[in-house]
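Asks: The following file, upload_29.cif, comprises mmCIF, C-alpha atoms and all ligand atoms:
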```cif
data_structure
#
loop_
_atom_site.label_atom_id
_atom_site.label_comp_id
_atom_site.auth_asym_id
_atom_site.auth_seq_id
_atom_site.Cartn_x
_atom_site.Cartn_y
_atom_site.Cartn_z
CA MET A 1 -18.20 -6.50 24.09
CA HIS A 2 -18.66 -6.26 20.32
CA ASN A 3 -17.91 -3.09 18.35
CA ILE A 4 -19.49 -3.81 14.98
CA ARG A 5 -20.74 -0.95 12.82
CA LYS A 6 -23.53 -0.99 10.27
CA ILE A 7 -22.59 -0.12 6.68
CA THR A 8 -25.98 -0.85 5.08
CA GLU A 9 -29.10 -2.55 6.46
CA ASP A 10 -27.50 -5.98 6.15
CA LEU A 11 -23.78 -5.30 5.82
CA PHE A 12 -21.55 -4.83 8.87
CA TRP A 13 -17.93 -3.91 9.58
CA LEU A 14 -16.60 -6.31 12.17
CA GLY A 15 -12.95 -5.57 11.94
CA ALA A 16 -10.61 -4.44 14.70
CA ASN A 17 -7.72 -2.06 15.28
CA ASP A 18 -4.15 -2.63 16.37
CA ARG A 19 -2.34 0.39 17.81
CA ARG A 20 0.42 -1.68 19.41
CA LEU A 21 2.06 -3.24 16.37
CA ALA A 22 5.42 -1.55 15.72
CA LEU A 23 6.03 -2.80 12.20
CA PHE A 24 3.47 -3.95 9.64
CA GLU A 25 4.80 -7.08 7.88
CA ASN A 26 7.72 -6.60 10.29
CA VAL A 27 8.96 -3.83 7.98
CA TYR A 28 6.73 -0.73 7.95
CA PRO A 29 6.29 1.58 10.96
CA LEU A 30 2.69 2.21 12.00
CA PRO A 31 2.57 5.55 13.84
CA LEU A 32 -1.23 5.63 13.48
CA GLY A 33 -1.81 1.89 13.95
CA VAL A 34 -3.65 -0.29 11.48
CA SER A 35 -7.12 -1.75 11.06
CA TYR A 36 -7.93 -5.23 9.88
CA ASN A 37 -11.33 -5.10 8.23
CA ALA A 38 -13.68 -8.06 7.99
CA TYR A 39 -17.29 -7.82 6.84
CA MET A 40 -20.52 -9.68 7.50
CA LEU A 41 -23.35 -9.81 4.99
CA ARG A 42 -26.49 -10.95 6.80
CA ASP A 43 -28.65 -12.16 3.96
CA GLU A 44 -30.80 -15.33 3.74
CA LYS A 45 -27.37 -16.88 4.01
CA THR A 46 -24.78 -15.44 6.36
CA VAL A 47 -21.53 -14.46 4.70
CA LEU A 48 -18.23 -13.51 6.33
CA LEU A 49 -15.76 -11.75 4.06
CA ASP A 50 -12.23 -12.51 5.29
CA THR A 51 -10.97 -12.74 8.86
CA VAL A 52 -8.33 -10.68 10.69
CA ASP A 53 -4.79 -10.78 12.05
CA SER A 54 -4.46 -13.02 15.10
CA ALA A 55 -3.40 -9.98 17.17
CA VAL A 56 -7.02 -8.76 17.17
CA SER A 57 -8.77 -12.13 17.19
CA GLY A 58 -10.46 -11.62 20.57
CA GLN A 59 -12.35 -8.55 19.36
CA PHE A 60 -13.07 -10.15 16.01
CA PHE A 61 -14.76 -13.23 17.47
CA GLU A 62 -16.93 -11.10 19.74
CA ASN A 63 -17.90 -9.08 16.68
CA LEU A 64 -18.57 -12.18 14.60
CA ALA A 65 -20.87 -13.65 17.25
CA ALA A 66 -22.75 -10.36 17.57
CA ALA A 67 -23.14 -9.93 13.82
CA LEU A 68 -24.50 -13.45 13.42
CA GLN A 69 -27.19 -12.91 16.10
CA GLY A 70 -27.20 -16.60 16.96
CA ARG A 71 -27.28 -17.81 13.37
CA ALA A 72 -24.73 -20.22 11.93
CA LEU A 73 -22.18 -19.01 9.39
CA ASP A 74 -23.01 -20.27 5.90
CA TYR A 75 -20.13 -18.88 3.83
CA LEU A 76 -16.62 -17.62 4.48
CA ILE A 77 -15.31 -15.78 1.43
CA VAL A 78 -11.52 -15.67 1.37
CA ASN A 79 -10.37 -12.81 -0.82
CA HIS A 80 -6.75 -12.84 0.36
CA MET A 81 -4.51 -15.34 2.12
CA GLU A 82 -1.91 -13.06 3.71
CA PRO A 83 -2.01 -13.88 7.43
CA ASP A 84 -3.14 -10.37 8.40
CA HIS A 85 -6.50 -11.47 6.94
CA CYS A 86 -6.54 -15.25 6.90
CA ALA A 87 -5.12 -15.99 10.35
CA GLU A 88 -8.45 -16.91 11.89
CA ILE A 89 -9.84 -19.19 9.18
CA ALA A 90 -9.21 -22.34 11.23
CA ARG A 91 -10.90 -20.98 14.33
CA VAL A 92 -13.88 -19.71 12.33
CA LEU A 93 -14.30 -23.25 11.01
CA GLN A 94 -13.95 -24.73 14.49
CA ILE A 95 -16.87 -22.57 15.62
CA HIS A 96 -18.82 -22.97 12.36
CA PRO A 97 -17.79 -26.39 11.01
CA ALA A 98 -20.51 -26.42 8.36
CA ALA A 99 -19.48 -23.09 6.81
CA LYS A 100 -18.45 -23.35 3.17
CA ILE A 101 -15.25 -21.65 2.08
CA VAL A 102 -15.70 -19.59 -1.07
CA CYS A 103 -12.36 -19.06 -2.79
CA ASN A 104 -10.37 -19.79 -5.92
CA ALA A 105 -8.20 -22.85 -6.58
CA GLN A 106 -4.96 -21.11 -5.61
CA THR A 107 -6.46 -19.95 -2.32
CA LYS A 108 -7.54 -23.51 -1.61
CA ARG A 109 -3.92 -24.66 -2.03
CA MET A 110 -2.70 -21.87 0.27
CA ILE A 111 -5.25 -22.82 2.94
CA ALA A 112 -3.78 -26.33 2.90
CA GLN A 113 -0.26 -24.83 3.20
CA PHE A 114 -1.08 -22.51 6.09
CA PHE A 115 -3.47 -24.77 8.04
CA ASP A 116 -3.44 -28.45 8.87
CA LEU A 117 -7.18 -28.78 8.32
CA ASN A 118 -7.74 -31.63 5.85
CA LEU A 119 -11.05 -30.16 4.75
CA PRO A 120 -13.15 -32.24 2.36
CA ASP A 121 -13.54 -30.87 -1.17
CA GLU A 122 -17.28 -30.44 -0.55
CA GLN A 123 -16.50 -27.75 2.00
CA TYR A 124 -15.14 -25.51 -0.76
CA VAL A 125 -17.09 -23.48 -3.27
CA LEU A 126 -14.39 -22.86 -5.85
CA VAL A 127 -14.89 -19.75 -7.95
CA LYS A 128 -13.19 -18.17 -10.92
CA GLU A 129 -13.48 -14.88 -12.79
CA GLY A 130 -17.10 -13.81 -13.22
CA ASP A 131 -18.65 -16.63 -11.16
CA THR A 132 -21.52 -15.61 -8.91
CA LEU A 133 -22.94 -16.70 -5.59
CA ASN A 134 -26.57 -16.04 -4.71
CA THR A 135 -27.04 -15.52 -0.98
CA GLY A 136 -30.74 -14.52 -1.04
CA ARG A 137 -31.19 -10.82 -1.82
CA HIS A 138 -27.57 -10.42 -2.85
CA ILE A 139 -25.70 -11.69 -5.86
CA LEU A 140 -21.97 -11.75 -5.31
CA GLN A 141 -19.63 -11.77 -8.25
CA PHE A 142 -15.95 -12.69 -8.09
CA ILE A 143 -13.20 -10.71 -9.77
CA MET A 144 -9.72 -12.17 -9.86
CA ALA A 145 -7.01 -9.66 -8.91
CA PRO A 146 -3.72 -11.58 -9.12
CA MET A 147 -0.72 -9.83 -7.54
CA VAL A 148 -2.82 -7.12 -5.94
CA HIS A 149 -1.05 -8.08 -3.69
CA TRP A 150 -0.53 -11.87 -3.80
CA PRO A 151 -1.31 -14.22 -6.70
CA GLU A 152 -4.50 -15.66 -5.19
CA VAL A 153 -6.13 -12.29 -4.45
CA MET A 154 -9.67 -11.79 -5.64
CA MET A 155 -12.29 -9.14 -5.06
CA THR A 156 -15.96 -9.73 -4.37
CA TYR A 157 -18.54 -7.46 -6.00
CA ASP A 158 -22.02 -7.32 -4.53
CA ALA A 159 -24.02 -6.66 -7.69
CA THR A 160 -27.19 -6.04 -5.65
CA ASP A 161 -25.92 -3.16 -3.50
CA LYS A 162 -22.94 -2.22 -5.72
CA THR A 163 -20.35 -2.84 -3.03
CA LEU A 164 -16.80 -3.76 -4.02
CA PHE A 165 -14.87 -5.75 -1.42
CA SER A 166 -11.48 -4.80 -2.77
CA ALA A 167 -9.05 -6.87 -0.65
CA ASP A 168 -5.78 -4.93 -0.13
CA ALA A 169 -6.56 -2.43 -2.88
CA PHE A 170 -7.77 0.98 -1.68
CA GLY A 171 -6.43 0.23 1.81
CA THR A 172 -4.82 2.74 4.14
CA PHE A 173 -2.47 2.45 7.11
CA GLY A 174 -3.97 3.83 10.31
CA ALA A 175 -6.38 2.49 12.87
CA LEU A 176 -10.03 3.52 12.53
CA ASN A 177 -11.07 5.84 15.33
CA GLY A 178 -14.79 5.18 15.32
CA ASN A 179 -15.07 6.81 11.91
CA ILE A 180 -14.88 3.89 9.53
CA PHE A 181 -15.94 5.90 6.45
CA ALA A 182 -13.47 8.09 4.57
CA ASP A 183 -16.13 10.82 4.31
CA GLU A 184 -16.22 11.10 8.10
CA VAL A 185 -12.63 12.38 8.28
CA ASP A 186 -10.47 14.86 6.40
CA PHE A 187 -8.89 12.08 4.40
CA ALA A 188 -6.82 14.23 2.02
CA ARG A 189 -5.32 16.17 4.92
CA ASP A 190 -4.87 13.43 7.49
CA TYR A 191 -4.65 10.08 5.69
CA LEU A 192 -3.63 10.47 2.05
CA ASP A 193 0.08 10.26 2.94
CA GLU A 194 -0.53 6.99 4.79
CA ALA A 195 -2.67 5.66 1.93
CA ARG A 196 0.16 6.44 -0.48
CA ARG A 197 2.75 4.86 1.83
CA TYR A 198 0.54 1.77 2.12
CA TYR A 199 -0.05 1.49 -1.63
CA THR A 200 3.48 2.20 -2.83
CA ASN A 201 5.22 -0.07 -0.36
CA ILE A 202 2.77 -2.97 -0.30
CA VAL A 203 1.42 -3.04 -3.85
CA GLY A 204 3.59 -0.49 -5.68
CA LYS A 205 5.64 -3.13 -7.48
CA TYR A 206 2.53 -4.44 -9.22
CA GLY A 207 1.35 -1.37 -11.15
CA PRO A 208 0.33 -3.27 -14.33
CA GLN A 209 -1.74 -5.72 -12.29
CA VAL A 210 -3.42 -2.87 -10.40
CA GLN A 211 -4.15 -1.17 -13.73
CA ALA A 212 -5.74 -4.41 -14.99
CA VAL A 213 -8.06 -4.52 -11.99
CA LEU A 214 -8.90 -0.82 -12.30
CA LYS A 215 -9.91 -1.53 -15.89
CA LYS A 216 -12.27 -4.29 -14.72
CA ALA A 217 -13.64 -2.05 -11.96
CA ALA A 218 -14.33 0.72 -14.48
CA GLY A 219 -17.03 -1.53 -15.95
CA LEU A 220 -18.83 -1.86 -12.62
CA GLU A 221 -21.24 0.49 -10.94
CA ILE A 222 -19.64 0.99 -7.53
CA ALA A 223 -21.47 2.65 -4.66
CA ARG A 224 -18.95 1.77 -1.99
CA ILE A 225 -15.52 0.20 -1.63
CA CYS A 226 -14.76 -1.97 1.39
CA PRO A 227 -11.01 -2.66 1.64
CA LEU A 228 -9.21 -4.91 4.10
CA HIS A 229 -7.40 -2.00 5.79
CA GLY A 230 -8.52 1.51 6.62
CA PHE A 231 -11.55 3.48 5.57
CA ILE A 232 -14.63 2.39 3.66
CA TRP A 233 -15.35 4.63 0.66
CA ARG A 234 -18.94 5.66 -0.13
CA GLN A 235 -18.34 9.23 -1.39
CA ASN A 236 -15.75 10.77 -3.66
CA LEU A 237 -14.74 7.35 -4.97
CA GLY A 238 -13.52 8.84 -8.23
CA TRP A 239 -10.95 11.00 -6.41
CA PHE A 240 -9.37 8.01 -4.68
CA ILE A 241 -9.56 5.78 -7.76
CA GLU A 242 -7.79 8.56 -9.69
CA LYS A 243 -4.97 8.50 -7.10
CA TYR A 244 -4.66 4.75 -7.60
CA ALA A 245 -4.60 5.16 -11.36
CA LYS A 246 -1.67 7.60 -11.03
CA TRP A 247 0.27 5.44 -8.58
CA ALA A 248 -0.31 2.30 -10.67
CA ALA A 249 0.93 4.12 -13.79
CA TYR A 250 4.00 5.41 -11.87
CA GLU A 251 2.94 8.96 -12.72
CA ALA A 252 4.15 11.68 -10.38
CA GLU A 253 1.40 13.36 -8.39
CA GLU A 254 3.22 16.63 -7.90
CA LYS A 255 5.69 18.86 -9.64
CA GLY A 256 8.42 19.18 -7.07
CA VAL A 257 11.85 18.01 -6.04
CA LEU A 258 12.60 15.29 -3.54
CA ILE A 259 16.16 15.42 -2.24
CA VAL A 260 17.39 12.36 -0.37
CA TYR A 261 20.86 12.40 1.10
CA GLY A 262 23.08 9.88 2.86
CA SER A 263 25.77 11.77 4.73
CA ILE A 264 28.29 10.47 7.25
CA TYR A 265 29.81 13.66 8.71
CA GLY A 266 27.58 16.30 7.13
CA HIS A 267 29.52 17.34 4.02
CA THR A 268 27.19 15.55 1.61
CA GLN A 269 24.22 16.96 3.51
CA ASN A 270 25.75 20.43 3.15
CA ALA A 271 25.91 20.08 -0.64
CA ALA A 272 22.31 18.81 -0.68
CA GLU A 273 21.14 21.75 1.47
CA ILE A 274 22.89 24.25 -0.81
CA LEU A 275 21.22 22.67 -3.85
CA ALA A 276 17.83 22.99 -2.10
CA LEU A 277 18.47 26.70 -1.48
CA LYS A 278 19.50 27.24 -5.07
CA LEU A 279 16.30 25.55 -6.24
CA ALA A 280 14.27 27.74 -3.90
CA GLU A 281 16.04 30.85 -5.21
CA ARG A 282 14.94 29.80 -8.68
CA GLY A 283 11.32 29.67 -7.60
CA VAL A 284 10.85 25.97 -6.78
CA LYS A 285 8.37 25.85 -3.88
CA ASN A 286 7.74 22.15 -3.49
CA ILE A 287 11.01 20.75 -2.15
CA LYS A 288 11.22 17.91 0.33
CA MET A 289 14.37 16.53 1.93
CA HIS A 290 15.05 13.29 3.75
CA ASP A 291 18.14 12.07 5.56
CA VAL A 292 18.13 8.44 4.43
CA SER A 293 19.73 7.39 7.73
CA VAL A 294 16.89 8.96 9.71
CA THR A 295 13.67 8.55 7.71
CA HIS A 296 12.30 5.02 7.34
CA ALA A 297 12.61 3.90 3.72
CA SER A 298 8.84 3.38 3.41
CA TYR A 299 8.27 7.16 3.69
CA ILE A 300 10.91 7.86 1.07
CA VAL A 301 9.48 5.23 -1.30
CA ALA A 302 6.08 6.93 -0.94
CA ASP A 303 7.57 10.36 -1.67
CA ALA A 304 9.51 8.98 -4.65
CA PHE A 305 6.12 7.97 -6.11
CA LYS A 306 4.74 11.42 -5.31
CA PHE A 307 7.41 13.75 -6.71
CA GLY A 308 8.44 14.09 -10.34
CA THR A 309 12.09 15.00 -9.78
CA LEU A 310 14.38 13.12 -7.44
CA VAL A 311 17.89 13.95 -6.27
CA PHE A 312 20.03 11.32 -4.58
CA ALA A 313 23.15 12.50 -2.76
CA ALA A 314 25.39 9.97 -1.07
CA ALA A 315 28.82 9.42 0.32
CA THR A 316 31.03 6.53 -0.71
CA TYR A 317 31.28 3.79 1.89
CA ASN A 318 33.13 0.46 1.80
CA GLY A 319 33.94 1.08 -1.86
CA GLY A 320 30.27 1.48 -2.71
CA ILE A 321 27.19 3.54 -1.92
CA PHE A 322 26.65 4.60 1.71
CA THR A 323 24.69 1.64 3.08
CA PRO A 324 21.30 3.28 3.86
CA MET A 325 21.25 4.90 0.39
CA ASP A 326 22.32 1.62 -1.22
CA ASN A 327 19.40 -0.11 0.51
CA LEU A 328 16.97 2.63 -0.49
CA LEU A 329 17.93 2.57 -4.17
CA ARG A 330 17.56 -1.21 -4.30
CA ASP A 331 14.20 -0.86 -2.54
CA LEU A 332 13.09 1.59 -5.24
CA THR A 333 14.29 -0.84 -7.92
CA ALA A 334 12.22 -3.58 -6.26
CA HIS A 335 9.20 -1.29 -6.23
CA ASN A 336 9.49 -0.74 -9.97
CA LEU A 337 9.73 3.05 -9.80
CA GLN A 338 9.50 4.58 -13.28
CA ASN A 339 9.03 7.78 -15.24
CA ARG A 340 11.15 10.10 -13.11
CA ARG A 341 13.86 12.66 -13.71
CA MET A 342 16.81 12.23 -11.43
CA ALA A 343 20.06 13.83 -10.40
CA THR A 344 22.92 12.37 -8.40
CA LEU A 345 25.53 13.92 -6.21
CA ASP A 346 28.24 11.87 -4.60
CA ASN A 347 31.12 12.28 -2.22
CA GLY A 348 34.35 10.44 -1.54
CA THR A 349 37.57 11.39 0.18
CA TRP A 350 39.41 8.83 -1.92
CA ALA A 351 38.08 6.50 -4.66
CA ALA A 352 34.65 8.21 -4.91
CA LEU A 353 32.52 5.40 -6.30
CA ALA A 354 29.02 6.13 -5.00
CA GLY A 355 28.03 8.27 -8.01
CA LYS A 356 28.90 5.64 -10.59
CA GLN A 357 27.14 2.93 -8.61
CA MET A 358 24.04 5.04 -7.93
CA ARG A 359 23.71 5.70 -11.65
CA GLU A 360 24.11 1.99 -12.39
CA GLU A 361 21.21 1.24 -10.05
CA ILE A 362 19.04 4.06 -11.44
CA ALA A 363 19.72 2.80 -14.97
CA LYS A 364 17.57 -0.25 -14.08
CA TRP A 365 14.49 1.96 -13.70
CA LYS A 366 12.23 2.32 -16.73
CA ASN A 367 11.86 5.66 -18.47
CA CYS A 368 14.01 7.60 -16.03
CA THR A 369 16.33 10.33 -17.23
CA VAL A 370 19.40 11.54 -15.43
CA ILE A 371 19.81 15.31 -15.22
CA GLU A 372 23.31 16.67 -15.89
CA PRO A 373 25.72 17.67 -14.52
CA GLN A 374 26.40 14.80 -12.17
CA ILE A 375 28.32 16.28 -9.29
CA SER A 376 31.12 14.54 -7.45
CA ILE A 377 32.70 16.18 -4.43
CA LYS A 378 35.91 15.24 -2.71
CA SER A 379 35.34 15.34 1.06
CA ALA A 380 33.68 18.77 1.01
CA LEU A 381 32.14 21.09 -1.54
CA THR A 382 34.58 23.69 -2.87
CA ASP A 383 33.81 27.26 -3.87
CA ALA A 384 34.54 26.31 -7.44
CA GLN A 385 31.80 23.68 -7.31
CA GLN A 386 29.14 26.25 -6.43
CA SER A 387 28.86 26.87 -10.15
CA ASP A 388 28.29 23.13 -10.73
CA LEU A 389 25.44 23.25 -8.23
CA ASP A 390 24.08 26.35 -10.00
CA ALA A 391 24.21 24.46 -13.29
CA LEU A 392 22.42 21.47 -11.73
CA ALA A 393 19.76 23.72 -10.17
CA ASN A 394 19.22 25.40 -13.55
CA ALA A 395 18.93 22.05 -15.29
CA ILE A 396 16.45 20.74 -12.69
CA VAL A 397 14.28 23.83 -13.04
CA ALA A 398 14.46 23.68 -16.84
CA GLN A 399 13.03 20.17 -16.97
CA MET A 400 10.25 20.69 -14.38
FE1 LIG B 501 -3.29 -6.81 4.17
FE2 LIG B 501 -1.64 -8.40 1.52
O1 LIG B 501 -2.48 -8.17 3.19
#
```
For the structure just supplied, provide its representation as structure tokens.
Replies:
Amino acid sequence: MHNIRKITEDLFWLGANDRRLALFENVYPLPLGVSYNAYMLRDEKTVLLDTVDSAVSGQFFENLAAALQGRALDYLIVNHMEPDHCAEIARVLQIHPAAKIVCNAQTKRMIAQFFDLNLPDEQYVLVKEGDTLNTGRHILQFIMAPMVHWPEVMMTYDATDKTLFSADAFGTFGALNGNIFADEVDFARDYLDEARRYYTNIVGKYGPQVQAVLKKAAGLEIARICPLHGFIWRQNLGWFIEKYAKWAAYEAEEKGVLIVYGSIYGHTQNAAEILALKLAERGVKNIKMHDVSVTHASYIVADAFKFGTLVFAAATYNGGIFTPMDNLLRDLTAHNLQNRRMATLDNGTWAALAGKQMREEIAKWKNCTVIEPQISIKSALTDAQQSDLDALANAIVAQM
């Protein structure tokens, strides 16, 4: 049975939820599941905007048939070719062989790479920046959004009803529980963390490209945003766009200290805990700690984008940085983290090398300053080093 939901008189959500998938992209945990959104515009022409992941294809095809009400599909707009959205293109075309694919030239090449379809050129309507497609009452305009999140990504803007189909942008992890609109839930309380984790991990590397698209979007009148994952936005758009602007600019959202430690037997953790207490004693209220061996890196990446001051504490291991911390720091390098103030604390029973190597990795990050003193402990913190931690806590507070 179909479970489509009306967005406007002639626009429908026909996506589906997956609450079984353990890891999105085989990397990111999904404690709340994920939705794959596809949309149907039922104009004089029928238009399907993207498909879904093959895991939810059964529901999707029931929804597609219901939304079409017996009509044939005229256009399939492909905004993004990652398989969580493009997986069902071939089957859509099997059912609707006369449907035209509306996409850009790079998408056309990717369709040929992913599917053995041998479609004739006439089956494609190739579009580029600013091109439009008239479907009857609606005029759809295409906005190229390269690297948000893949190079072929584009957005579709319905100039008639002011709807932006934003591809991965403005997406959120989490299945939709009947409420498909962000204004139907307490988004800031229940979903903002997952939106941030989605953005920072999936698109976070491409801040300049996201900023370029936000600039284009600023010139459009937007009544609603329909992303490929998570909630549809029809109220409070400015609030969410503002979050994106901050994330894309690598600006911290909150004054606060994130302390991440990698500790083998607890001595490094002990030093990190003492530093947290010293910060609290100096009036810092927004302190968050993660054990890098316990918390999945995607949550720490999201918090590193959220907090202005970061402390990394790690033991030495195999002559380098304790492996989970080593992986995390390289992950943050890959995600282009910038504009932060950072402190390091390291430990080593002999040849303590983690501190030097952590600082070498951090030095790759743009516009990041290291707060002194850098503290190195030998096996366990000594009484004498309490004053070093005091000095570090003072220096952290001074720069906040
Ligand atoms: Fe949800 Fe880049 O795909």
Asks: Determine, using all atoms listed in the file, which residues of range 107-179 of chain A have any atom at most 12 Å from an atom of range 70-79 of chain A, and tabulate each with its shortest atom pair and distance in Å to one decimal place, rows ordered by chain and then rising number, as JSON lines.
Replies:
```
{"residue": "A:Thr107", "atom": "CA", "partner": "A:Val78", "partner_atom": "CA", "distance": 7.6}
{"residue": "A:Lys108", "atom": "CA", "partner": "A:Val78", "partner_atom": "CA", "distance": 9.3}
{"residue": "A:Met110", "atom": "CA", "partner": "A:Val78", "partner_atom": "CA", "distance": 10.8}
{"residue": "A:Ile111", "atom": "CA", "partner": "A:Val78", "partner_atom": "CA", "distance": 9.6}
{"residue": "A:Gln123", "atom": "CA", "partner": "A:Tyr75", "partner_atom": "CA", "distance": 9.8}
{"residue": "A:Tyr124", "atom": "CA", "partner": "A:Tyr75", "partner_atom": "CA", "distance": 9.5}
{"residue": "A:Val125", "atom": "CA", "partner": "A:Tyr75", "partner_atom": "CA", "distance": 9.0}
{"residue": "A:Leu126", "atom": "CA", "partner": "A:Ile77", "partner_atom": "CA", "distance": 10.2}
{"residue": "A:Val127", "atom": "CA", "partner": "A:Ile77", "partner_atom": "CA", "distance": 10.2}
{"residue": "A:Lys128", "atom": "CA", "partner": "A:Asn79", "partner_atom": "CA", "distance": 11.8}
{"residue": "A:Leu133", "atom": "CA", "partner": "A:Tyr75", "partner_atom": "CA", "distance": 10.1}
{"residue": "A:Asn134", "atom": "CA", "partner": "A:Tyr75", "partner_atom": "CA", "distance": 11.1}
{"residue": "A:Thr135", "atom": "CA", "partner": "A:Tyr75", "partner_atom": "CA", "distance": 9.1}
{"residue": "A:Gly136", "atom": "CA", "partner": "A:Asp74", "partner_atom": "CA", "distance": 11.9}
{"residue": "A:Leu140", "atom": "CA", "partner": "A:Ile77", "partner_atom": "CA", "distance": 10.3}
{"residue": "A:Gln141", "atom": "CA", "partner": "A:Ile77", "partner_atom": "CA", "distance": 11.3}
{"residue": "A:Phe142", "atom": "CA", "partner": "A:Asn79", "partner_atom": "CA", "distance": 9.2}
{"residue": "A:Ile143", "atom": "CA", "partner": "A:Asn79", "partner_atom": "CA", "distance": 9.6}
{"residue": "A:Met144", "atom": "CA", "partner": "A:Asn79", "partner_atom": "CA", "distance": 9.1}
{"residue": "A:Ala145", "atom": "CA", "partner": "A:Asn79", "partner_atom": "CA", "distance": 9.3}
{"residue": "A:Pro146", "atom": "CA", "partner": "A:Asn79", "partner_atom": "CA", "distance": 10.7}
{"residue": "A:Val148", "atom": "CA", "partner": "A:Asn79", "partner_atom": "CA", "distance": 10.8}
{"residue": "A:His149", "atom": "CA", "partner": "A:Asn79", "partner_atom": "CA", "distance": 10.8}
{"residue": "A:Trp150", "atom": "CA", "partner": "A:Asn79", "partner_atom": "CA", "distance": 10.3}
{"residue": "A:Pro151", "atom": "CA", "partner": "A:Asn79", "partner_atom": "CA", "distance": 10.9}
{"residue": "A:Glu152", "atom": "CA", "partner": "A:Asn79", "partner_atom": "CA", "distance": 7.9}
{"residue": "A:Val153", "atom": "CA", "partner": "A:Asn79", "partner_atom": "CA", "distance": 5.6}
{"residue": "A:Met154", "atom": "CA", "partner": "A:Asn79", "partner_atom": "CA", "distance": 5.0}
{"residue": "A:Met155", "atom": "CA", "partner": "A:Asn79", "partner_atom": "CA", "distance": 5.9}
{"residue": "A:Thr156", "atom": "CA", "partner": "A:Asn79", "partner_atom": "CA", "distance": 7.3}
{"residue": "A:Tyr157", "atom": "CA", "partner": "A:Asn79", "partner_atom": "CA", "distance": 11.1}
{"residue": "A:Leu164", "atom": "CA", "partner": "A:Asn79", "partner_atom": "CA", "distance": 11.6}
{"residue": "A:Phe165", "atom": "CA", "partner": "A:Asn79", "partner_atom": "CA", "distance": 8.4}
{"residue": "A:Ser166", "atom": "CA", "partner": "A:Asn79", "partner_atom": "CA", "distance": 8.3}
{"residue": "A:Ala167", "atom": "CA", "partner": "A:Asn79", "partner_atom": "CA", "distance": 6.1}
{"residue": "A:Asp168", "atom": "CA", "partner": "A:Asn79", "partner_atom": "CA", "distance": 9.1}
{"residue": "A:Ala169", "atom": "CA", "partner": "A:Asn79", "partner_atom": "CA", "distance": 11.2}
```
Asks: Find the residues with any atom within 12 Å of (18.8, 32.4, -8.1); use all atoms listed in the file and the coordinates as given in the file, and write the answer as a list in words.
Replies: Ile274, Leu275, Ala276, Leu277, Lys278, Leu279, Ala280, Glu281, Arg282, Gly283, Val284, Ser387, Leu389, Asp390, Ala391, Ala393, Asn394 and Val397 of chain A
Asks: Could you check how far CA of Gln113 in chain A sits from CA of Val47 in chain A, in Å to one decimal?
Replies: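 Calculated distance between CA of Gln113 in chain A and CA of Val47 in chain A is 23.7 Å.
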Asks: Quick one: distance from CA of Thr200 in chain A to CA of Ser35 in chain A in Å, one decimal?
Replies: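 Pair CA of Thr200 in chain A / CA of Ser35 in chain A returns 17.9 Å.
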Asks: Given the choices A:Pro29, A:Gly58, A:Pro83, A:Pro324, which gets closest to ligand LIG 501 (chain B) if the distance is worked out from only C-alpha atoms and all ligand atoms?
Replies: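 Selected residue with least distance to ligand LIG 501 (chain B): A:Pro83.
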Asks: Near range 178-183 of chain A, counting all atoms listed in the file, which residues have an atom at most 7 Å away, once you skip same-chain residues fewer than 6 positions from it, shown as a list in words?
Replies: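 These residues fall inside the cut-off: Phe231, Ile232, Trp233 and Gln235 of chain A.
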Asks: Which is closest to ligand LIG 501 (chain B) among A:His138, A:Arg91, A:His80, A:Arg330, if we use only C-alpha atoms and all ligand atoms?
Replies: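 Smallest distance to ligand LIG 501 (chain B) is found for A:His80.
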Asks: Find, counting only C-alpha atoms, the residue in A:Arg234, A:Lys216, A:Arg196, A:Lys366 that gets nearest to Glu184 in chain A.
Replies: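 Checking each of A:Arg234, A:Lys216, A:Arg196, A:Lys366 against Glu184 in chain A, counting only C-alpha atoms, the winner is A:Arg234.
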Asks: From the list A:Thr369, A:Ser376, A:Asn327, A:Ser293, which residue is nearest Thr309 in chain A when using all atoms listed in the file?
Replies: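 Smallest distance to Thr309 in chain A is found for A:Thr369.
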Asks: For Arg20 in chain A, work out the shell of residues within 12 Å, counting all atoms listed in the file and skipping chain neighbours fewer than 3 positions away, then give it as an MDAnalysis selection string.
Replies: chainID A and resid 17 23:24 29:35 55:56 174:175
Asks: Can you pull out the residues contacting Arg109 in chain A? Cut-off 12 Å, using only C-alpha atoms, and skip same-chain residues under 3 positions away; I want them as a ChimeraX atom specification.
Replies: /A:81,103-106,112-119,121,124,126,151-152
Asks: May I have the residues within 12 Å of Gln399 in chain A as a ChimeraX atom specification, using all atoms listed in the file and disregarding those fewer than 4 positions away in the same chain?
Replies: /A:255-257,284,308-310,340-343,369-372,392-395
Asks: Measuring between all atoms listed in the file, which one of A:Gln94, A:Asn177, A:Thr316, A:Thr323 shows the shortest distance to Lys378 in chain A?
Replies: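 For Lys378 in chain A, the nearest of the given residues is A:Thr316.
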Asks: One decimal, Å: what's the distance from CA of Phe173 in chain A over to CA of Tyr191 in chain A, could you say?
Replies: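 CA of Tyr191 in chain A lies 8.1 Å from CA of Phe173 in chain A.
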